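A.B. asks: The following block contains the structure, expressed as structure tokens.
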Amino acid sequence: MSRVKSGKVTHARHRKVIKQAAGYYAARSTNFRTATQAVDKANQYATRDRKVRKRQFRALWIQRINAAVRLFDAEMTYSRLINGLARAGIEVDRKVLADLAVHEPDAFNAIAAQAKAALA
């Protein structure tokens, strides 16, 4: 029985990993063994950080809404605004509210006024 050589397959697999590691520092971009470790760890970070990115954006939206609602009324806070929106039956998510607060302050103030009226 003749010996089976896997040179083409192995080279292709190595080349795929080295291509993914392009731009890494030192041997991490050229040495297959260290490149494999670096690419695996990078994929772990990428998977984790897709979830983290969602958390960070939600936190950013909440900060922007809180700042805008305090400009609208110094005694009103983010939590009171959200409570007022719920009581008024206004269903606007935080992403849209933050966008309105930054780009359309008049529209945001109108929504905040409705929320404040629902609380009173």
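By convention here, the chains of the structure tokens are called A, B, ... in the order presented, each chain's residues are numbered starting at 1, and ligands are numbered starting at 1 in the order presented.
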Write out as a PyMOL selection string the residues lying within 10 Å of Arg80 in chain A, counting only C-alpha atoms and excluding same-chain residues fewer than 5 positions away.

C.D. replies: chain A and resi 66+69+75+85-86+112+115-116+119

A.B. asks: Can you pull out every residue within 10 Å of Ala113 in chain A, counting only C-alpha atoms, but drop anything in the same chain fewer than 3 positions away, and send it as a list in words?

C.D. replies: Val69, Phe72, Asp73, Leu81, Gly84, Leu85, Ala107, Phe108, Asn109, Ala110, Lys116, Ala117, Ala118 and Leu119 of chain A

A.B. asks: Please indicate the distance in Å from CA of Gln56 in chain A to CA of Gly23 in chain A, rounded to one decimal place.

C.D. replies: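 We find that CA of Gln56 in chain A and CA of Gly23 in chain A lie 26.8 Å from each other.
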
A.B. asks: Would you kindly return, as number ranges by chain, each protein, DNA or RNA residue with an atom no farther than 12 Å from any atom of Arg15 in chain A, considering only C-alpha atoms and excluding same-chain residues fewer than 4 positions away?

C.D. replies: A: 7-11, 19-22, 29-33, 35-36

A.B. asks: Kindly export the residues of the current selection with N, CA and C atoms, as a PDB file, in the first residue's frame.

C.D. replies:
ATOM      1  N   GLY A   7       0.129  17.005   1.505  1.00  0.00           N
ATOM      2  CA  GLY A   7       0.800  18.294   1.408  1.00  0.00           C
ATOM      3  C   GLY A   7      -0.119  19.419   0.970  1.00  0.00           C
ATOM      4  N   LYS A   8      -0.930  19.176  -0.054  1.00  0.00           N
ATOM      5  CA  LYS A   8      -1.804  20.233  -0.561  1.00  0.00           C
ATOM      6  C   LYS A   8      -2.848  20.640   0.467  1.00  0.00           C
ATOM      7  N   VAL A   9      -3.453  19.656   1.104  1.00  0.00           N
ATOM      8  CA  VAL A   9      -4.510  19.940   2.082  1.00  0.00           C
ATOM      9  C   VAL A   9      -3.936  20.677   3.286  1.00  0.00           C
ATOM     10  N   THR A  10      -2.799  20.180   3.786  1.00  0.00           N
ATOM     11  CA  THR A  10      -2.176  20.809   4.947  1.00  0.00           C
ATOM     12  C   THR A  10      -1.742  22.231   4.617  1.00  0.00           C
ATOM     13  N   HIS A  11      -1.154  22.412   3.449  1.00  0.00           N
ATOM     14  CA  HIS A  11      -0.707  23.749   3.068  1.00  0.00           C
ATOM     15  C   HIS A  11      -1.894  24.708   2.960  1.00  0.00           C
ATOM     16  N   LYS A  19      -3.572  33.592   6.765  1.00  0.00           N
ATOM     17  CA  LYS A  19      -4.292  34.717   6.166  1.00  0.00           C
ATOM     18  C   LYS A  19      -5.161  35.418   7.208  1.00  0.00           C
ATOM     19  N   GLN A  20      -5.791  34.644   8.088  1.00  0.00           N
ATOM     20  CA  GLN A  20      -6.610  35.242   9.132  1.00  0.00           C
ATOM     21  C   GLN A  20      -5.753  36.015  10.137  1.00  0.00           C
ATOM     22  N   ALA A  21      -4.492  35.597  10.306  1.00  0.00           N
ATOM     23  CA  ALA A  21      -3.601  36.227  11.278  1.00  0.00           C
ATOM     24  C   ALA A  21      -2.805  37.369  10.669  1.00  0.00           C
ATOM     25  N   ALA A  22      -3.114  37.768   9.457  1.00  0.00           N
ATOM     26  CA  ALA A  22      -2.376  38.857   8.817  1.00  0.00           C
ATOM     27  C   ALA A  22      -2.521  40.126   9.639  1.00  0.00           C
ATOM     28  N   SER A  29       1.866  36.223  13.182  1.00  0.00           N
ATOM     29  CA  SER A  29       1.343  36.377  11.830  1.00  0.00           C
ATOM     30  C   SER A  29       1.997  35.439  10.825  1.00  0.00           C
ATOM     31  N   THR A  30       3.074  34.739  11.226  1.00  0.00           N
ATOM     32  CA  THR A  30       3.784  33.896  10.266  1.00  0.00           C
ATOM     33  C   THR A  30       3.904  32.439  10.701  1.00  0.00           C
ATOM     34  N   ASN A  31       4.021  32.185  11.989  1.00  0.00           N
ATOM     35  CA  ASN A  31       4.220  30.839  12.500  1.00  0.00           C
ATOM     36  C   ASN A  31       2.848  30.180  12.692  1.00  0.00           C
ATOM     37  N   PHE A  32       2.636  29.027  12.071  1.00  0.00           N
ATOM     38  CA  PHE A  32       1.309  28.411  12.078  1.00  0.00           C
ATOM     39  C   PHE A  32       0.816  28.104  13.482  1.00  0.00           C
ATOM     40  N   ARG A  33       1.697  27.577  14.332  1.00  0.00           N
ATOM     41  CA  ARG A  33       1.247  27.158  15.660  1.00  0.00           C
ATOM     42  C   ARG A  33       0.795  28.351  16.497  1.00  0.00           C
ATOM     43  N   ALA A  35       0.063  31.321  15.272  1.00  0.00           N
ATOM     44  CA  ALA A  35      -1.035  31.983  14.552  1.00  0.00           C
ATOM     45  C   ALA A  35      -2.362  31.302  14.854  1.00  0.00           C
ATOM     46  N   THR A  36      -2.343  29.976  14.969  1.00  0.00           N
ATOM     47  CA  THR A  36      -3.567  29.242  15.304  1.00  0.00           C
ATOM     48  C   THR A  36      -4.092  29.663  16.664  1.00  0.00           C
TER      49      THR A  36
END

A.B. asks: For Arg58 in chain A, which residue among A:Met1, A:Ala46, A:Val102, A:Leu97 is the nearest when counting only C-alpha atoms?

C.D. replies: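 Looking at the shortest contact to Arg58 in chain A, the residue is A:Leu97.
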